[in-house]
$ cat start.pdb   # PDB, C-alpha atoms, pLDDT in the B column
ATOM      1  CA  MET A  27      13.328  11.844  -0.465  1.00 65.00           C
ATOM      2  CA  ALA A  28      13.512   8.158  -1.272  1.00 68.00           C
ATOM      3  CA  ARG A  29      11.609   7.005  -4.312  1.00 86.00           C
ATOM      4  CA  GLY A  30      10.418   3.518  -5.116  1.00 91.00           C
ATOM      5  CA  MET A  31       7.656   1.116  -6.009  1.00 94.00           C
ATOM      6  CA  LEU A  32       5.446  -0.688  -3.518  1.00 95.00           C
ATOM      7  CA  GLU A  33       3.973  -4.022  -4.597  1.00 97.00           C
ATOM      8  CA  VAL A  34       0.938  -5.115  -2.613  1.00 97.00           C
ATOM      9  CA  PHE A  35      -0.075  -8.775  -2.803  1.00 98.00           C
ATOM     10  CA  LEU A  36      -3.716  -9.052  -1.735  1.00 98.00           C
ATOM     11  CA  VAL A  37      -4.290 -12.730  -1.001  1.00 98.00           C
ATOM     12  CA  ASP A  38      -7.491 -13.370   0.963  1.00 98.00           C
ATOM     13  CA  ALA A  39      -9.470 -12.651   4.118  1.00 98.00           C
ATOM     14  CA  LYS A  40     -11.220 -14.753   6.714  1.00 97.00           C
ATOM     15  CA  GLY A  41     -13.793 -14.203   9.396  1.00 96.00           C
ATOM     16  CA  LEU A  42     -15.055 -10.903   7.967  1.00 96.00           C
ATOM     17  CA  ASN A  43     -18.224  -9.450   9.459  1.00 91.00           C
ATOM     18  CA  ASN A  44     -21.047 -10.390   7.060  1.00 88.00           C
ATOM     19  CA  THR A  45     -23.037  -7.253   6.217  1.00 86.00           C
ATOM     20  CA  GLU A  46     -25.792  -9.136   4.346  1.00 81.00           C
ATOM     21  CA  LEU A  47     -29.036 -10.037   6.101  1.00 77.00           C
ATOM     22  CA  MET A  48     -29.667 -12.882   3.671  1.00 78.00           C
ATOM     23  CA  GLY A  49     -27.052 -14.587   1.524  1.00 77.00           C
ATOM     24  CA  LYS A  50     -23.351 -13.992   1.175  1.00 87.00           C
ATOM     25  CA  MET A  51     -21.667 -10.649   0.677  1.00 93.00           C
ATOM     26  CA  ASP A  52     -19.575  -9.683  -2.362  1.00 95.00           C
ATOM     27  CA  PRO A  53     -16.435  -8.120  -0.838  1.00 96.00           C
ATOM     28  CA  TYR A  54     -13.785  -6.041  -2.567  1.00 97.00           C
ATOM     29  CA  VAL A  55     -10.895  -3.934  -1.279  1.00 98.00           C
ATOM     30  CA  LEU A  56     -10.018  -0.289  -1.900  1.00 98.00           C
ATOM     31  CA  ILE A  57      -6.260   0.060  -1.422  1.00 97.00           C
ATOM     32  CA  GLN A  58      -4.886   3.542  -0.744  1.00 96.00           C
ATOM     33  CA  CYS A  59      -1.257   4.635  -0.570  1.00 92.00           C
ATOM     34  CA  ARG A  60       0.039   8.214  -0.714  1.00 84.00           C
ATOM     35  CA  GLY A  61      -2.903   9.650  -2.633  1.00 86.00           C
ATOM     36  CA  HIS A  62      -3.133   6.720  -5.060  1.00 92.00           C
ATOM     37  CA  GLU A  63      -6.026   4.274  -4.971  1.00 96.00           C
ATOM     38  CA  SER A  64      -6.703   0.887  -6.563  1.00 97.00           C
ATOM     39  CA  LYS A  65      -9.674  -1.434  -6.348  1.00 97.00           C
ATOM     40  CA  SER A  66      -9.544  -5.215  -6.213  1.00 98.00           C
ATOM     41  CA  SER A  67     -11.922  -7.428  -8.113  1.00 97.00           C
ATOM     42  CA  VAL A  68     -15.226  -8.237  -6.418  1.00 97.00           C
ATOM     43  CA  ALA A  69     -15.177 -11.676  -4.768  1.00 96.00           C
ATOM     44  CA  ARG A  70     -18.747 -12.516  -5.812  1.00 94.00           C
ATOM     45  CA  GLY A  71     -20.608 -14.752  -3.407  1.00 91.00           C
ATOM     46  CA  GLN A  72     -17.481 -15.534  -1.354  1.00 94.00           C
ATOM     47  CA  GLY A  73     -18.933 -14.039   1.831  1.00 93.00           C
ATOM     48  CA  SER A  74     -16.773 -13.750   4.940  1.00 95.00           C
ATOM     49  CA  ASN A  75     -13.815 -15.701   3.493  1.00 96.00           C
ATOM     50  CA  PRO A  76     -12.992 -14.129   0.103  1.00 97.00           C
ATOM     51  CA  LYS A  77      -9.953 -14.854  -2.062  1.00 98.00           C
ATOM     52  CA  TRP A  78      -8.421 -12.297  -4.427  1.00 98.00           C
ATOM     53  CA  ASN A  79      -4.802 -13.288  -5.207  1.00 98.00           C
ATOM     54  CA  GLU A  80      -4.107  -9.947  -6.896  1.00 98.00           C
ATOM     55  CA  LYS A  81      -1.057  -7.681  -7.141  1.00 98.00           C
ATOM     56  CA  PHE A  82      -1.100  -3.869  -7.098  1.00 97.00           C
ATOM     57  CA  ILE A  83       1.786  -1.438  -7.631  1.00 96.00           C
ATOM     58  CA  PHE A  84       2.017   2.036  -6.114  1.00 94.00           C
ATOM     59  CA  PRO A  85       4.693   4.712  -6.583  1.00 92.00           C
ATOM     60  CA  VAL A  86       6.090   5.840  -3.222  1.00 88.00           C
ATOM     61  CA  HIS A  87       8.007   8.987  -2.292  1.00 79.00           C
ATOM     62  CA  PHE A  88       9.278   8.941   1.278  1.00 68.00           C
ATOM     63  CA  PRO A  89       9.585  10.550   3.750  1.00 62.00           C
ATOM     64  CA  LYS A  90       7.125  13.390   3.843  1.00 59.00           C
ATOM     65  CA  VAL A  91       7.296  15.682   6.863  1.00 60.00           C
ATOM     66  CA  ASP A  92       4.694  14.821   9.527  1.00 66.00           C
ATOM     67  CA  ASP A  93       3.077  12.249   7.223  1.00 66.00           C
ATOM     68  CA  PRO A  94       3.877   8.619   8.040  1.00 76.00           C
ATOM     69  CA  CYS A  95       3.772   6.381   5.004  1.00 86.00           C
ATOM     70  CA  LYS A  96       0.887   3.959   5.334  1.00 92.00           C
ATOM     71  CA  LEU A  97      -1.239   1.596   3.309  1.00 96.00           C
ATOM     72  CA  VAL A  98      -4.978   1.584   3.995  1.00 97.00           C
ATOM     73  CA  LEU A  99      -7.076  -1.408   2.945  1.00 98.00           C
ATOM     74  CA  ARG A 100     -10.791  -0.648   3.141  1.00 98.00           C
ATOM     75  CA  ILE A 101     -13.048  -3.690   2.655  1.00 97.00           C
ATOM     76  CA  LEU A 102     -16.507  -3.067   1.219  1.00 96.00           C
ATOM     77  CA  ASP A 103     -19.467  -5.246   0.245  1.00 95.00           C
ATOM     78  CA  GLU A 104     -20.778  -4.505  -3.234  1.00 94.00           C
ATOM     79  CA  ASP A 105     -24.533  -3.962  -3.304  1.00 88.00           C
ATOM     80  CA  THR A 106     -26.595  -3.638  -6.466  1.00 83.00           C
ATOM     81  CA  PHE A 107     -29.509  -1.470  -5.299  1.00 84.00           C
ATOM     82  CA  SER A 108     -27.925   0.526  -2.453  1.00 86.00           C
ATOM     83  CA  ASN A 109     -24.605   2.026  -1.388  1.00 92.00           C
ATOM     84  CA  ASP A 110     -21.820  -0.482  -0.795  1.00 93.00           C
ATOM     85  CA  ASP A 111     -21.511  -1.517   2.862  1.00 93.00           C
ATOM     86  CA  PHE A 112     -18.381  -0.874   4.928  1.00 96.00           C
ATOM     87  CA  VAL A 113     -17.021  -4.227   6.137  1.00 96.00           C
ATOM     88  CA  GLY A 114     -13.791  -3.163   7.840  1.00 96.00           C
ATOM     89  CA  GLU A 115     -10.394  -1.536   7.476  1.00 97.00           C
ATOM     90  CA  THR A 116      -6.709  -2.277   8.020  1.00 97.00           C
ATOM     91  CA  THR A 117      -3.853   0.221   8.182  1.00 97.00           C
ATOM     92  CA  ILE A 118      -0.293  -0.968   7.573  1.00 97.00           C
ATOM     93  CA  TYR A 119       2.532   1.444   8.380  1.00 93.00           C
ATOM     94  CA  LEU A 120       5.326   1.220   5.805  1.00 92.00           C
ATOM     95  CA  THR A 121       8.136   3.317   7.305  1.00 87.00           C
ATOM     96  CA  ASP A 122      10.359   0.403   8.387  1.00 90.00           C
ATOM     97  CA  LEU A 123       9.807  -1.483   5.118  1.00 92.00           C
ATOM     98  CA  ILE A 124      10.728   1.572   3.042  1.00 88.00           C
ATOM     99  CA  LEU A 125      13.805   2.422   5.118  1.00 86.00           C
ATOM    100  CA  SER A 126      15.006  -1.174   4.804  1.00 91.00           C
ATOM    101  CA  GLY A 127      14.410  -1.070   1.037  1.00 91.00           C
ATOM    102  CA  GLU A 128      16.307   2.188   0.777  1.00 87.00           C
ATOM    103  CA  VAL A 129      19.343   0.574   2.451  1.00 91.00           C
ATOM    104  CA  ASN A 130      19.155  -2.862   0.777  1.00 93.00           C
ATOM    105  CA  GLY A 131      17.565  -2.009  -2.567  1.00 93.00           C
ATOM    106  CA  VAL A 132      14.554  -4.243  -1.866  1.00 96.00           C
ATOM    107  CA  ALA A 133      12.579  -5.057   1.274  1.00 96.00           C
ATOM    108  CA  GLU A 134       9.879  -7.692   1.588  1.00 97.00           C
ATOM    109  CA  GLU A 135       7.195  -8.392   4.132  1.00 96.00           C
ATOM    110  CA  LYS A 136       6.044 -11.975   3.495  1.00 97.00           C
ATOM    111  CA  VAL A 137       2.312 -12.654   3.249  1.00 98.00           C
ATOM    112  CA  ARG A 138       0.811 -12.487   6.713  1.00 97.00           C
ATOM    113  CA  PRO A 139      -2.534 -11.732   8.363  1.00 98.00           C
ATOM    114  CA  TYR A 140      -3.489  -8.241   9.513  1.00 98.00           C
ATOM    115  CA  ASN A 141      -6.462  -7.561  11.766  1.00 98.00           C
ATOM    116  CA  VAL A 142      -9.493  -5.925  10.179  1.00 97.00           C
ATOM    117  CA  LEU A 143     -11.213  -3.318  12.338  1.00 97.00           C
ATOM    118  CA  LEU A 144     -14.903  -2.502  12.198  1.00 95.00           C
ATOM    119  CA  ALA A 145     -16.264   1.065  12.273  1.00 93.00           C
ATOM    120  CA  ASP A 146     -16.331   0.947  16.103  1.00 94.00           C
ATOM    121  CA  ARG A 147     -12.631  -0.151  16.053  1.00 93.00           C
ATOM    122  CA  THR A 148     -13.396  -3.701  17.268  1.00 94.00           C
ATOM    123  CA  TYR A 149     -12.018  -6.881  15.665  1.00 96.00           C
ATOM    124  CA  GLY A 150     -13.698  -7.872  12.396  1.00 95.00           C
ATOM    125  CA  GLY A 151     -11.612 -10.692  10.916  1.00 97.00           C
ATOM    126  CA  GLN A 152      -8.255 -10.822   9.121  1.00 98.00           C
ATOM    127  CA  ILE A 153      -6.875  -9.969   5.704  1.00 98.00           C
ATOM    128  CA  ARG A 154      -3.672 -11.533   4.332  1.00 98.00           C
ATOM    129  CA  VAL A 155      -1.287  -9.238   2.495  1.00 98.00           C
ATOM    130  CA  GLY A 156       2.350  -9.379   1.333  1.00 98.00           C
ATOM    131  CA  LEU A 157       4.451  -6.290   0.590  1.00 98.00           C
ATOM    132  CA  THR A 158       7.607  -5.552  -1.395  1.00 97.00           C
ATOM    133  CA  PHE A 159       9.276  -2.139  -1.620  1.00 95.00           C
ATOM    134  CA  THR A 160      11.869  -1.636  -4.372  1.00 95.00           C
ATOM    135  CA  PHE A 161      14.080   1.423  -4.068  1.00 92.00           C
ATOM    136  CA  THR A 162      14.469   3.268  -7.377  1.00 91.00           C
ATOM    137  CA  GLY A 163      16.514   6.281  -6.285  1.00 83.00           C
ATOM    138  CA  GLU A 164      16.444   9.661  -4.674  1.00 72.00           C
ATOM    139  CA  ASP A 165      14.357  12.625  -5.769  1.00 58.00           C
ATOM    140  CA  THR A 166      16.250  15.282  -7.721  1.00 49.00           C
ATOM    141  CA  GLU A 167      16.011  17.859  -4.888  1.00 47.00           C
ATOM    142  CA  VAL A 168      17.991  15.541  -2.632  1.00 36.00           C
ATOM    143  CA  GLN A 169      20.431  14.731  -5.417  1.00 36.00           C
ATOM    144  CA  LYS A 170      21.091  18.437  -5.994  1.00 32.00           C
ATOM    145  CA  SER A 171      21.619  19.178  -2.315  1.00 31.00           C
ATOM    146  CA  CYS A 172      24.032  16.240  -1.998  1.00 33.00           C
ATOM    147  CA  ALA A 173      25.655  16.702  -5.402  1.00 34.00           C
ATOM    148  CA  ASP A 174      29.122  15.354  -6.036  1.00 39.00           C
ATOM    149  CA  PRO A 175      31.497  18.310  -6.642  1.00 40.00           C
ATOM    150  CA  GLU A 176      32.799  16.491  -9.743  1.00 45.00           C
ATOM    151  CA  GLU A 177      29.322  15.876 -11.156  1.00 43.00           C
ATOM    152  CA  GLU A 178      28.891  15.916 -14.942  1.00 44.00           C
ATOM    153  CA  PHE A 179      26.675  18.567 -16.574  1.00 43.00           C
ATOM    154  CA  GLY A 180      25.756  18.026 -20.233  1.00 47.00           C
ATOM    155  CA  GLY A 181      28.928  16.056 -20.907  1.00 47.00           C
ATOM    156  CA  TRP A 182      31.169  18.547 -19.046  1.00 48.00           C
ATOM    157  CA  LYS A 183      32.569  17.827 -15.616  1.00 46.00           C
ATOM    158  CA  HIS A 184      31.973  20.454 -12.969  1.00 45.00           C
ATOM    159  CA  SER A 185      34.610  20.650 -10.264  1.00 44.00           C
ATOM    160  CA  SER A 186      35.185  23.040  -7.408  1.00 45.00           C
ATOM    161  CA  LEU A 187      38.117  25.435  -7.649  1.00 48.00           C
ATOM    162  CA  ASP A 188      39.350  25.062  -4.073  1.00 44.00           C
TER     163      ASP A 188
END
$ encode --input "start.pdb" --output "structure tokens"
Amino acid sequence: MARGMLEVFLVDAKGLNNTELMGKMDPYVLIQCRGHESKSSVARGQGSNPKWNEKFIFPVHFPKVDDPCKLVLRILDEDTFSNDDFVGETTIYLTDLILSGEVNGVAEEKVRPYNVLLADRTYGGQIRVGLTFTFTGEDTEVQKSCADPEEEFGGWKHSSLD
């Protein structure tokens, strides 16, 4: 399995569905990747066009059998006296980015807009995100199965006798 670090650059959003009856919403983003989750700052009073300009880093192990690598950005509106409101969600599939990073050492997806989908899967604005995957190596299981026959063990070289 490939191993690396995914940097997520959360820039801004525009045209989000305002969940507030009166006033502007206070949106934030929950970012999920491979069982890890981070939360952006709350864009207080910024309504449907918030700006974050934040960077998040996630460890990534890829590939997992029957589990495509994806990044889920869930936008919520912070409410003081009730549960936070769901604003929308974006899913970004990372397979191509990670495979490119594995080959080249680093792969970058420049900042670009992604469509935000509402709960009924209709269009609900856009969120701008940039991505960078940096390859850091292979997991030890893969290294062992592909081991060099002249690999060093504790300072001693191991070689085959054939």
$ resolve_selection --input "start.pdb" --expression "the PyMOL selection byres ((chain A and resi 30) around 7)" --output "list of chain:residue names"
A:Ala28, A:Arg29, A:Met31, A:Leu32, A:Pro85, A:Val86, A:His87, A:Phe159, A:Thr160, A:Phe161, A:Thr162, A:Gly163
$ atom_distance --input "start.pdb" --atom1 "CA of Ala39 (chain A)" --atom2 "CA of Glu134 (chain A)"
20.1 Å
$ resolve_selection --input "start.pdb" --expression "the PyMOL selection byres ((chain A and resi 158) around 9)" --output "PyMOL selection string"
chain A and resi 31-35+123-124+127+132-136+156-157+159-160
$ resolve_selection --input "start.pdb" --expression "the PyMOL selection byres ((chain A and resi 118-120) around 6)" --output "compact mmCIF listing (two decimals) with C-alpha atoms, keeping the file's coordinate frame"
# COMPACT_ATOMS: atom_id res chain seq x y z
CA CYS A 95 3.77 6.38 5.00
CA LYS A 96 0.89 3.96 5.33
CA LEU A 97 -1.24 1.60 3.31
CA THR A 117 -3.85 0.22 8.18
CA THR A 121 8.14 3.32 7.30
CA ASP A 122 10.36 0.40 8.39
CA LEU A 123 9.81 -1.48 5.12
$ residues_around --input "start.pdb" --residues "Val55 (chain A)" --least-positions-apart "6" --cutoff "7 Å" --atoms "all atoms listed in the file" --output "compact mmCIF listing (two decimals) with C-alpha atoms, in the coordinates of the input"
# COMPACT_ATOMS: atom_id res chain seq x y z
CA LYS A 65 -9.67 -1.43 -6.35
CA SER A 66 -9.54 -5.22 -6.21
CA LEU A 99 -7.08 -1.41 2.94
CA ARG A 100 -10.79 -0.65 3.14
CA ILE A 101 -13.05 -3.69 2.66
CA LEU A 102 -16.51 -3.07 1.22
$ residues_near_point --input "start.pdb" --point "(-17.3, 0.3, 11.5)" --cutoff "8 Å" --atoms "all atoms listed in the file" --output "MDAnalysis selection string"
chainID A and resid 112:114 143:147
$ closest_residue --input "start.pdb" --among "A:Gly131, A:Val137, A:Asn44, A:Phe82" --to "Leu56 (chain A)" --atoms "all atoms listed in the file"
A:Phe82
$ atom_distance --input "start.pdb" --atom1 "CA of His62 (chain A)" --atom2 "CA of Ser108 (chain A)"
25.7 Å
$ atom_distance --input "start.pdb" --atom1 "CA of Leu42 (chain A)" --atom2 "CA of Ser74 (chain A)"
4.5 Å
$ residues_around --input "start.pdb" --residues "Asp103 (chain A)" --least-positions-apart "5" --cutoff "9 Å" --atoms "only C-alpha atoms" --output "ChimeraX atom specification"
/A:44-46,51-55,68,73,110-113
$ residues_around --input "start.pdb" --residues "Pro76 (chain A)" --least-positions-apart "4" --cutoff "6 Å" --atoms "all atoms listed in the file" --output "PDB file with C-alpha atoms, in the frame of the given file"
ATOM      1  CA  ASP A  38      -7.491 -13.370   0.963  1.00 98.00           C
ATOM      2  CA  ALA A  39      -9.470 -12.651   4.118  1.00 98.00           C
ATOM      3  CA  ALA A  69     -15.177 -11.676  -4.768  1.00 96.00           C
ATOM      4  CA  GLN A  72     -17.481 -15.534  -1.354  1.00 94.00           C
TER       5      GLN A  72
END
$ decode --input "start.pdb" --residues "region 123-161 of chain A" --atoms "N, CA and C atoms" --output "tab-separated table (two decimals), in the first residue's frame"
chain	number	residue	atom	x	y	z
A	123	LEU	N	-5.18	11.29	-8.10
A	123	LEU	CA	-4.19	12.16	-7.46
A	123	LEU	C	-3.15	11.34	-6.71
A	124	ILE	N	-3.60	10.34	-5.97
A	124	ILE	CA	-2.68	9.52	-5.18
A	124	ILE	C	-1.79	8.66	-6.09
A	125	LEU	N	-2.36	8.08	-7.13
A	125	LEU	CA	-1.55	7.28	-8.05
A	125	LEU	C	-0.49	8.14	-8.74
A	126	SER	N	-0.86	9.36	-9.12
A	126	SER	CA	0.11	10.27	-9.73
A	126	SER	C	1.20	10.64	-8.73
A	127	GLY	N	0.83	10.88	-7.48
A	127	GLY	CA	1.81	11.20	-6.44
A	127	GLY	C	2.73	10.04	-6.15
A	128	GLU	N	2.20	8.83	-6.24
A	128	GLU	CA	3.02	7.64	-6.01
A	128	GLU	C	4.10	7.52	-7.09
A	129	VAL	N	3.76	7.86	-8.32
A	129	VAL	CA	4.70	7.78	-9.44
A	129	VAL	C	5.69	8.94	-9.43
A	130	ASN	N	5.19	10.16	-9.17
A	130	ASN	CA	6.01	11.37	-9.29
A	130	ASN	C	6.55	11.92	-7.98
A	131	GLY	N	6.14	11.34	-6.86
A	131	GLY	CA	6.57	11.84	-5.56
A	131	GLY	C	5.60	12.84	-4.97
A	132	VAL	N	5.05	13.71	-5.83
A	132	VAL	CA	4.07	14.71	-5.41
A	132	VAL	C	3.06	14.90	-6.54
A	133	ALA	N	1.80	15.08	-6.17
A	133	ALA	CA	0.77	15.41	-7.16
A	133	ALA	C	-0.09	16.51	-6.60
A	134	GLU	N	-0.44	17.47	-7.46
A	134	GLU	CA	-1.20	18.63	-7.01
A	134	GLU	C	-2.42	18.84	-7.88
A	135	GLU	N	-3.51	19.17	-7.22
A	135	GLU	CA	-4.73	19.58	-7.89
A	135	GLU	C	-4.92	21.04	-7.49
A	136	LYS	N	-4.68	21.96	-8.43
A	136	LYS	CA	-4.78	23.39	-8.12
A	136	LYS	C	-6.16	23.73	-7.57
A	137	VAL	N	-6.25	24.85	-6.86
A	137	VAL	CA	-7.52	25.28	-6.29
A	137	VAL	C	-8.55	25.42	-7.41
A	138	ARG	N	-9.69	24.77	-7.20
A	138	ARG	CA	-10.77	24.85	-8.18
A	138	ARG	C	-12.11	24.64	-7.48
A	139	PRO	N	-13.20	25.04	-8.13
A	139	PRO	CA	-14.51	24.87	-7.50
A	139	PRO	C	-15.05	23.44	-7.66
A	140	TYR	N	-15.72	22.98	-6.63
A	140	TYR	CA	-16.44	21.71	-6.64
A	140	TYR	C	-17.89	22.00	-6.28
A	141	ASN	N	-18.82	21.34	-6.94
A	141	ASN	CA	-20.23	21.55	-6.65
A	141	ASN	C	-20.59	21.02	-5.28
A	142	VAL	N	-21.41	21.77	-4.58
A	142	VAL	CA	-21.96	21.37	-3.28
A	142	VAL	C	-23.36	20.83	-3.55
A	143	LEU	N	-23.64	19.66	-2.97
A	143	LEU	CA	-24.96	19.05	-3.15
A	143	LEU	C	-25.76	19.16	-1.86
A	144	LEU	N	-27.04	19.47	-2.01
A	144	LEU	CA	-27.95	19.53	-0.88
A	144	LEU	C	-28.36	18.12	-0.47
A	145	ALA	N	-29.14	17.99	0.58
A	145	ALA	CA	-29.58	16.67	1.06
A	145	ALA	C	-30.35	15.91	-0.02
A	146	ASP	N	-31.09	16.62	-0.88
A	146	ASP	CA	-31.85	15.95	-1.94
A	146	ASP	C	-31.02	15.75	-3.21
A	147	ARG	N	-29.70	15.97	-3.10
A	147	ARG	CA	-28.71	15.78	-4.18
A	147	ARG	C	-28.83	16.80	-5.31
A	148	THR	N	-29.47	17.95	-5.05
A	148	THR	CA	-29.53	19.02	-6.04
A	148	THR	C	-28.41	20.01	-5.76
A	149	TYR	N	-28.13	20.88	-6.73
A	149	TYR	CA	-27.04	21.86	-6.64
A	149	TYR	C	-27.29	22.84	-5.51
A	150	GLY	N	-26.22	23.12	-4.73
A	150	GLY	CA	-26.34	24.04	-3.60
A	150	GLY	C	-25.15	24.96	-3.46
A	151	GLY	N	-24.55	25.37	-4.57
A	151	GLY	CA	-23.41	26.28	-4.53
A	151	GLY	C	-22.10	25.58	-4.86
A	152	GLN	N	-20.99	26.26	-4.59
A	152	GLN	CA	-19.66	25.71	-4.87
A	152	GLN	C	-18.72	25.97	-3.71
A	153	ILE	N	-17.74	25.07	-3.58
A	153	ILE	CA	-16.68	25.24	-2.59
A	153	ILE	C	-15.36	25.11	-3.32
A	154	ARG	N	-14.40	25.99	-3.02
A	154	ARG	CA	-13.10	25.94	-3.71
A	154	ARG	C	-12.07	25.30	-2.80
A	155	VAL	N	-11.40	24.29	-3.38
A	155	VAL	CA	-10.44	23.47	-2.64
A	155	VAL	C	-9.25	23.17	-3.53
A	156	GLY	N	-8.05	23.14	-2.94
A	156	GLY	CA	-6.84	22.68	-3.62
A	156	GLY	C	-6.30	21.47	-2.86
A	157	LEU	N	-5.65	20.56	-3.57
A	157	LEU	CA	-5.16	19.32	-2.97
A	157	LEU	C	-3.71	19.05	-3.37
A	158	THR	N	-2.93	18.53	-2.44
A	158	THR	CA	-1.58	18.06	-2.74
A	158	THR	C	-1.36	16.75	-2.02
A	159	PHE	N	-0.95	15.72	-2.77
A	159	PHE	CA	-0.60	14.43	-2.16
A	159	PHE	C	0.91	14.25	-2.29
A	160	THR	N	1.58	13.98	-1.16
A	160	THR	CA	3.01	13.74	-1.14
A	160	THR	C	3.25	12.29	-0.73
A	161	PHE	N	3.88	11.56	-1.61
A	161	PHE	CA	4.17	10.14	-1.37
A	161	PHE	C	5.31	10.03	-0.37
